[in-house]
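Novice: Here it is: the structure, laid out below.
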Amino acid sequence: MTGFMYKSWWKILGSVLVIYTTIAGLLLGVPRLAILNETIRNLYFHVPMWFGMITLFSISVFYSIKYLSSGNEKDDLRAIESVNVGVIFSLLGLVTGSIWAKFTWGQFWSFDVKQNFTAVAILLYFAYLVLRNAIDEQQKRAKISAIYNIFAFPMMVVLIMVLPRLSDSLHPGNGGNPGFNTYDLDSRMRAVLYPAFIGWSIIGYWIYTIRFRIRSLENKQNS
Amino acid sequence: MHLFNQVKYLIQKEILLEWRSKYAINGVLLYVVSTVFVCFLSFITIDNKITWNALFWIIMLFASINGVSKSFLQESKGRQLYSYVLASPGAIILAKTIYNVLLMLVLTTIALAVYTLVFSYIPADFLMFYVAVLLGSLSFSTIFTMISAIASKAGNGGMLMAILSFPVIIPVLIVLIRLAKNAIDGLDRSVSLDEIGILLLINVMTVCASLLLFPYLWRD
């Protein structure tokens with residue numbers, strides 16, 4: 001039992017946090033703001049997706065760098081699997097954002113800078129996946145895609161963190177719209193939002209470790 | 001000093017090879033002039049300044065993809081191997097990048113001249129617009145040089161080049177278009193400092209990443 005707790009405490013922590021934030025996010029009180037109303041609760045489900053995505057893409061870059069110095073096949077597998085899970089998180093972020101936008105901005109996609117730039121950032125990682133499929137030889141594929149991954153990561157950071165801040169956006173937190181800082185002042189929201197960041201990041205990491213293990217077993221079976 | 005000499009000789013080699021065939025420069029020039037001409041035939045005059053700006057950058061984008069992607073994609077394997085034996089990988093990527101920057105500076109300047117001449121329209125703040133064009137050719141060359149190196153190693157050239165480079169170049173292109181728009185509207189120059197800063201930062205980042213990553217890339 002102690003061994004189990006020692007090995008999987010973080011999985012339990014992640015699950016508990018996600019369950020807590022889902023229930024508390026839907027039930028706990030939120031500040032009343034014009035237009036936003038109850039849709040403000042989407043904050044608990046939308047923003048953690050980006051947090052999970054950034055965590056997974058960072059893990060991927062870390063292992064890509066490690067692959068270039070070690071040449072170990074496992075590092076390449078870790079890099080690709082974390083991108084696979086990260087892409088799912090980014091798509092979920094885009095979908096939750098779009099659904100929220102339907103109720104507050106009036107349409108699913110209003111060609112807002114934030115929406116456009118995140119779409120381009122996701123395209124960047126699709127390009128990475130296409131690049132991997134274009135090369136047959138395993139070692140060559142691992143090396144070239146690791147290089148592209150490292151090359152693309154700073155661009156992704158510029159795309160989703162720097163550029164949206166330069167121009168007006170409908171998105172909360174941009175262009176004078178009520179954002180993080182105003183509704184974050186409410187300590188009730190903070191008590192749900194921060195655990196959600198941690199919880200979803202852990203769940204993302206967990207999915208990635210499972211995928212990695214499946215892929216390593218498959219590789220072992222094939223060779 | 002050693003690296004500096006290598007870079008110098010490699011750039012000289014590139015320029016010499018280009019001068020003998022004049023393939024890239026003539027090809028891209030013909031491409032730019034014919035595209036501008038086709039645009040002129042279909043638009044006749046462009047009253048909308050935003051369209052004028054967007055059209056210019058689209059022409060620039062494809063001209064530079066065509067011009068820069070040649071640097072690695074069209075080099076024979078034997079010649080690549082030969083230069084890798086003689087020079088360090090850092091020197092090779094640096095030389096290619098600098099050569100492409102020079103090439104693009106010449107080409108974009110000619111393209112801008114043709115474009116303004118054909119549509120007989122000059123942006124309000126021409127100097128600022130020219131700065132945007134120079135920064136554009138700089139960013140296009142640094143980014144496309146590295147991407148073409150990656151695409152050439154991956155095997156199937158042209159298609160992959162487009163897929164890999166577009167998501168990377170779109171943010172740069174958006175900042176460039178915004179900078180050029182400021183110049184067209186004749187806004188105060190201090191407004192554009194943010195964009196210039198970001199473009200310079202992206203270029204420094206790209207060159208550093210290329211220098212760090214290329215040594216891993218060229219070894220087969």
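Chain identifiers are assigned as A, B, and so on, following the order in which chains appear in the structure tokens; residues are numbered from 1 within each chain, and ligands are numbered from 1 in order of appearance.
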Please identify every residue of chain A that has at least one atom no more than 7 Å from any atom of chain B, counting only C-alpha atoms, and report them as a VMD selection string.

Specialist: chain A and resid 120 123 to 124 127 135 144 147 151 to 152 155 159

Novice: Convert the current residue selection to file output with N, CA and C atoms, as a PDB file, in the first residue's frame.

Specialist:
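Okay, again.pdb is ready:
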```
ATOM      1  N   VAL A 120      -2.917  28.996 -35.815  1.00  0.00           N
ATOM      2  CA  VAL A 120      -1.623  28.888 -36.499  1.00  0.00           C
ATOM      3  C   VAL A 120      -0.642  28.077 -35.657  1.00  0.00           C
ATOM      4  N   LEU A 123      -1.321  24.604 -36.122  1.00  0.00           N
ATOM      5  CA  LEU A 123      -0.823  24.242 -37.455  1.00  0.00           C
ATOM      6  C   LEU A 123       0.669  23.894 -37.410  1.00  0.00           C
ATOM      7  N   LEU A 124       1.392  24.641 -36.580  1.00  0.00           N
ATOM      8  CA  LEU A 124       2.829  24.419 -36.415  1.00  0.00           C
ATOM      9  C   LEU A 124       3.096  22.985 -35.973  1.00  0.00           C
ATOM     10  N   ALA A 127       2.322  20.516 -38.660  1.00  0.00           N
ATOM     11  CA  ALA A 127       3.458  20.444 -39.580  1.00  0.00           C
ATOM     12  C   ALA A 127       4.519  19.493 -39.040  1.00  0.00           C
ATOM     13  N   ILE A 135       9.238  11.080 -43.325  1.00  0.00           N
ATOM     14  CA  ILE A 135      10.548  10.419 -43.298  1.00  0.00           C
ATOM     15  C   ILE A 135      10.377   8.975 -42.838  1.00  0.00           C
ATOM     16  N   ILE A 144      15.609  14.840 -37.354  1.00  0.00           N
ATOM     17  CA  ILE A 144      15.100  16.015 -38.070  1.00  0.00           C
ATOM     18  C   ILE A 144      13.876  16.593 -37.366  1.00  0.00           C
ATOM     19  N   ILE A 147      14.853  18.567 -34.369  1.00  0.00           N
ATOM     20  CA  ILE A 147      15.363  19.895 -34.726  1.00  0.00           C
ATOM     21  C   ILE A 147      14.211  20.843 -35.042  1.00  0.00           C
ATOM     22  N   PHE A 151      13.058  24.263 -33.094  1.00  0.00           N
ATOM     23  CA  PHE A 151      12.989  25.484 -33.900  1.00  0.00           C
ATOM     24  C   PHE A 151      11.598  26.120 -33.804  1.00  0.00           C
ATOM     25  N   ALA A 152      10.568  25.282 -33.712  1.00  0.00           N
ATOM     26  CA  ALA A 152       9.194  25.783 -33.745  1.00  0.00           C
ATOM     27  C   ALA A 152       8.717  26.290 -32.388  1.00  0.00           C
ATOM     28  N   MET A 155       8.655  29.976 -31.691  1.00  0.00           N
ATOM     29  CA  MET A 155       7.644  30.607 -32.546  1.00  0.00           C
ATOM     30  C   MET A 155       6.255  30.448 -31.942  1.00  0.00           C
ATOM     31  N   LEU A 159       3.705  33.293 -30.830  1.00  0.00           N
ATOM     32  CA  LEU A 159       2.356  33.303 -31.390  1.00  0.00           C
ATOM     33  C   LEU A 159       1.272  33.416 -30.331  1.00  0.00           C
TER      34      LEU A 159
END
```

Novice: Which residues are near Val68 (chain B)? Cut-off 8 Å, only C-alpha atoms, ignore same chain within fewer than 4 positions. Put them as a list in words.

Specialist: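 In the requested format, the answer is Ser64, Asn100, Ser141, Phe144, Thr145 and Ser148 of chain B.
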
Novice: When you count only C-alpha atoms, which of these residues is closest to Gly197 (chain B): B:Met60, B:Leu211, B:Leu179, B:Tyr23?

Specialist: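 Checking each candidate against Gly197 (chain B), we get B:Leu179 as the closest.
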
Novice: May I have the residues within 9 Å of region 192-200 of chain A as a PyMOL selection string, using only C-alpha atoms and disregarding those fewer than 5 positions away in the same chain?

Specialist: chain A and resi 13-22+24-25+28+43-45+47-52+184+187+205

Novice: Excluding same-chain residues fewer than 2 positions from region 43-59 of chain B, what lies within 10 Å of it counting only C-alpha atoms, as a JSON list (two decimals) with C-alpha atoms, in the first residue's frame?

Specialist:
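Produced file selection26.json, reproduced below:
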```
[["chain", "number", "residue", "atom", "x", "y", "z"],
["B", 31, "TYR", "CA", 8.76, 35.73, -61.16],
["B", 32, "VAL", "CA", 8.36, 39.06, -59.34],
["B", 33, "VAL", "CA", 8.02, 41.15, -62.49],
["B", 35, "THR", "CA", 3.44, 38.54, -60.93],
["B", 36, "VAL", "CA", 3.35, 42.31, -60.57],
["B", 37, "PHE", "CA", 2.37, 42.57, -64.22],
["B", 38, "VAL", "CA", -0.41, 40.01, -63.85],
["B", 39, "CYS", "CA", -1.67, 41.88, -60.78],
["B", 40, "PHE", "CA", -1.57, 45.12, -62.77],
["B", 41, "LEU", "CA", -3.53, 43.57, -65.63],
["B", 61, "LEU", "CA", 6.50, 35.85, -49.57],
["B", 62, "PHE", "CA", 6.42, 33.57, -52.59],
["B", 63, "ALA", "CA", 9.40, 35.25, -54.23],
["B", 64, "SER", "CA", 11.50, 34.66, -51.12],
["B", 108, "THR", "CA", 13.15, 42.99, -52.64],
["B", 111, "ALA", "CA", 10.63, 44.28, -56.52],
["B", 112, "LEU", "CA", 9.59, 47.34, -54.51],
["B", 115, "TYR", "CA", 5.79, 47.50, -57.75],
["B", 116, "THR", "CA", 5.63, 51.21, -56.90],
["B", 118, "VAL", "CA", 3.63, 49.87, -61.99],
["B", 119, "PHE", "CA", 0.94, 50.91, -59.54],
["B", 120, "SER", "CA", 2.28, 54.47, -59.31],
["B", 121, "TYR", "CA", 1.61, 54.70, -55.60],
["B", 123, "PRO", "CA", 3.48, 55.03, -49.22],
["B", 133, "VAL", "CA", 10.83, 45.69, -46.57],
["B", 136, "GLY", "CA", 11.06, 41.45, -44.18],
["B", 173, "LEU", "CA", 4.28, 38.22, -41.87],
["B", 174, "ILE", "CA", 1.52, 39.61, -39.66],
["B", 176, "LEU", "CA", 5.48, 42.95, -41.11],
["B", 177, "ILE", "CA", 2.11, 43.80, -42.62],
["B", 178, "ARG", "CA", 1.21, 45.81, -39.54],
["B", 180, "ALA", "CA", 4.03, 48.38, -43.40],
["B", 181, "LYS", "CA", 0.46, 49.52, -42.72],
["B", 184, "ILE", "CA", 1.39, 53.57, -45.45],
["B", 185, "ASP", "CA", -0.85, 55.51, -43.09]]
```

Novice: For Phe212 (chain A), work out the shell of residues within 9 Å, counting only C-alpha atoms and skipping chain neighbours fewer than 3 positions away, then give it as a PyMOL selection string.

Specialist: chain A and resi 74+77-78+80-82+207-209+215-217

Novice: By how many Å are CA of Ser145 (chain A) and CA of Asn203 (chain B) apart?

Specialist: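 It comes out at 21.4 Å.
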
Novice: Separation of CA of Leu199 (chain B) and CA of Leu135 (chain B), in Å?

Specialist: 7.2 Å

Novice: Work out how far apart CA of Ala91 (chain B) and CA of Gln74 (chain B) are and give it in Å to one decimal.

Specialist: 19.1 Å

Novice: Identify, on the basis of only C-alpha atoms, every residue whose closest approach to Gln115 (chain A) does not exceed 12 Å; exclude the query and any residue fewer than 6 positions from it along the same chain; express the result as a list in words.

Specialist: Ser90, Leu91, Gly93, Leu94, Val95, Thr96, Gly97, Ser98, Ala101, Phe108, Trp109, Ala121, Ile122, Leu159, Ile160, Leu163, Pro164, Ser169, Leu170 and His171 of chain A

Novice: Please produce a file of those selected residues containing all heavy atoms, as a short mmCIF file (atom, residue, chain, number, x, y, z; two decimals), in the first residue's frame.

Specialist:
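Listing of out05.cif after writing:
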```
data_model
loop_
_atom_site.label_atom_id
_atom_site.label_comp_id
_atom_site.auth_asym_id
_atom_site.auth_seq_id
_atom_site.Cartn_x
_atom_site.Cartn_y
_atom_site.Cartn_z
N SER A 90 -4.74 21.23 -27.03
CA SER A 90 -4.91 22.51 -27.72
C SER A 90 -6.23 22.52 -28.48
O SER A 90 -6.93 23.54 -28.49
CB SER A 90 -3.75 22.75 -28.67
OG SER A 90 -3.76 21.81 -29.71
N LEU A 91 -6.61 21.38 -29.07
CA LEU A 91 -7.90 21.33 -29.77
C LEU A 91 -9.05 21.50 -28.78
O LEU A 91 -10.02 22.21 -29.07
CB LEU A 91 -8.04 20.00 -30.53
CG LEU A 91 -7.12 19.84 -31.74
CD1 LEU A 91 -7.30 18.47 -32.38
CD2 LEU A 91 -7.40 20.92 -32.77
N GLY A 93 -8.88 23.15 -26.02
CA GLY A 93 -8.87 24.57 -25.66
C GLY A 93 -9.59 25.40 -26.69
O GLY A 93 -10.37 26.29 -26.36
N LEU A 94 -9.34 25.07 -27.96
CA LEU A 94 -9.97 25.81 -29.05
C LEU A 94 -11.49 25.59 -29.04
O LEU A 94 -12.26 26.53 -29.22
CB LEU A 94 -9.38 25.32 -30.38
CG LEU A 94 -9.23 26.34 -31.50
CD1 LEU A 94 -8.36 27.49 -31.05
CD2 LEU A 94 -8.61 25.69 -32.72
N VAL A 95 -11.89 24.34 -28.80
CA VAL A 95 -13.33 24.02 -28.82
C VAL A 95 -14.04 24.68 -27.64
O VAL A 95 -15.08 25.33 -27.82
CB VAL A 95 -13.53 22.48 -28.79
CG1 VAL A 95 -14.99 22.15 -28.52
CG2 VAL A 95 -13.10 21.87 -30.11
N THR A 96 -13.45 24.57 -26.43
CA THR A 96 -14.11 25.20 -25.27
C THR A 96 -14.19 26.71 -25.47
O THR A 96 -15.20 27.34 -25.11
CB THR A 96 -13.35 24.90 -23.96
OG1 THR A 96 -11.98 25.19 -24.17
CG2 THR A 96 -13.51 23.48 -23.53
N GLY A 97 -13.14 27.28 -26.06
CA GLY A 97 -13.15 28.72 -26.34
C GLY A 97 -14.25 29.08 -27.33
O GLY A 97 -14.96 30.06 -27.15
N SER A 98 -14.39 28.26 -28.38
CA SER A 98 -15.38 28.56 -29.42
C SER A 98 -16.80 28.49 -28.87
O SER A 98 -17.63 29.33 -29.19
CB SER A 98 -15.25 27.57 -30.58
OG SER A 98 -14.00 27.69 -31.17
N ALA A 101 -17.40 31.45 -26.93
CA ALA A 101 -17.53 32.62 -27.81
C ALA A 101 -18.91 32.68 -28.44
O ALA A 101 -19.46 33.75 -28.66
CB ALA A 101 -16.45 32.58 -28.89
N PHE A 108 -19.19 31.14 -33.23
CA PHE A 108 -18.14 30.22 -32.81
C PHE A 108 -16.76 30.78 -33.15
O PHE A 108 -15.82 30.70 -32.38
CB PHE A 108 -18.31 28.86 -33.46
CG PHE A 108 -19.46 28.08 -32.91
CD1 PHE A 108 -20.59 27.84 -33.67
CD2 PHE A 108 -19.42 27.61 -31.61
CE1 PHE A 108 -21.65 27.13 -33.15
CE2 PHE A 108 -20.48 26.90 -31.08
CZ PHE A 108 -21.60 26.66 -31.85
N TRP A 109 -16.64 31.31 -34.39
CA TRP A 109 -15.32 31.79 -34.82
C TRP A 109 -15.48 33.20 -35.33
O TRP A 109 -16.12 33.42 -36.36
CB TRP A 109 -14.78 30.88 -35.93
CG TRP A 109 -13.32 31.06 -36.10
CD1 TRP A 109 -12.70 31.97 -36.91
CD2 TRP A 109 -12.29 30.33 -35.46
NE1 TRP A 109 -11.36 31.86 -36.79
CE2 TRP A 109 -11.06 30.86 -35.91
CE3 TRP A 109 -12.25 29.30 -34.53
CZ2 TRP A 109 -9.82 30.38 -35.48
CZ3 TRP A 109 -11.02 28.83 -34.11
CH2 TRP A 109 -9.83 29.36 -34.58
N ALA A 121 -0.68 28.30 -34.33
CA ALA A 121 0.22 27.56 -33.44
C ALA A 121 -0.05 26.07 -33.53
O ALA A 121 0.88 25.25 -33.53
CB ALA A 121 0.08 28.05 -32.01
N ILE A 122 -1.33 25.70 -33.63
CA ILE A 122 -1.67 24.28 -33.75
C ILE A 122 -1.21 23.75 -35.10
O ILE A 122 -0.70 22.63 -35.21
CB ILE A 122 -3.19 24.08 -33.55
CG1 ILE A 122 -3.56 24.44 -32.10
CG2 ILE A 122 -3.60 22.65 -33.82
CD1 ILE A 122 -5.03 24.52 -31.87
N LEU A 159 3.71 33.29 -30.83
CA LEU A 159 2.36 33.30 -31.39
C LEU A 159 1.27 33.42 -30.33
O LEU A 159 0.32 34.17 -30.49
CB LEU A 159 2.11 32.01 -32.17
CG LEU A 159 2.35 32.07 -33.65
CD1 LEU A 159 2.28 30.68 -34.23
CD2 LEU A 159 1.33 32.95 -34.31
N ILE A 160 1.38 32.64 -29.25
CA ILE A 160 0.26 32.66 -28.31
C ILE A 160 0.48 33.55 -27.10
O ILE A 160 -0.45 33.87 -26.41
CB ILE A 160 -0.18 31.24 -27.89
CG1 ILE A 160 0.93 30.53 -27.15
CG2 ILE A 160 -0.63 30.42 -29.06
CD1 ILE A 160 0.44 29.21 -26.60
N LEU A 163 2.26 38.02 -29.55
CA LEU A 163 1.52 38.73 -30.59
C LEU A 163 0.11 39.15 -30.19
O LEU A 163 -0.30 40.27 -30.49
CB LEU A 163 1.47 37.89 -31.86
CG LEU A 163 2.77 37.84 -32.65
CD1 LEU A 163 2.56 37.10 -33.95
CD2 LEU A 163 3.28 39.24 -32.95
N PRO A 164 -0.68 38.30 -29.51
CA PRO A 164 -2.04 38.74 -29.16
C PRO A 164 -2.05 39.98 -28.28
O PRO A 164 -3.00 40.74 -28.30
CB PRO A 164 -2.61 37.53 -28.40
CG PRO A 164 -1.83 36.38 -28.88
CD PRO A 164 -0.46 36.90 -29.12
N SER A 169 -8.21 42.80 -29.00
CA SER A 169 -8.86 41.51 -29.13
C SER A 169 -10.13 41.54 -28.30
O SER A 169 -10.25 42.30 -27.35
CB SER A 169 -7.92 40.42 -28.63
OG SER A 169 -8.64 39.24 -28.40
N LEU A 170 -11.07 40.69 -28.71
CA LEU A 170 -12.29 40.58 -27.92
C LEU A 170 -12.07 39.75 -26.67
O LEU A 170 -12.85 39.76 -25.74
CB LEU A 170 -13.38 39.89 -28.77
CG LEU A 170 -13.92 40.65 -29.97
CD1 LEU A 170 -14.70 39.69 -30.84
CD2 LEU A 170 -14.80 41.78 -29.51
N HIS A 171 -10.98 39.02 -26.69
CA HIS A 171 -10.72 38.04 -25.64
C HIS A 171 -10.53 38.72 -24.28
O HIS A 171 -9.88 39.76 -24.20
CB HIS A 171 -9.46 37.26 -26.00
CG HIS A 171 -9.29 36.01 -25.21
ND1 HIS A 171 -8.74 36.00 -23.97
CD2 HIS A 171 -9.60 34.73 -25.50
CE1 HIS A 171 -8.71 34.76 -23.52
NE2 HIS A 171 -9.24 33.97 -24.42
#
```

Novice: List the spatial neighbours of Glu75 (chain B) as a VMD selection string - criterion: any atom at most 12 Å away, only C-alpha atoms, same-chain residues fewer than 5 positions off excluded.

Specialist: chain B and resid 14 17 69 to 70 80 to 83 96 148 to 149 152 to 153 157
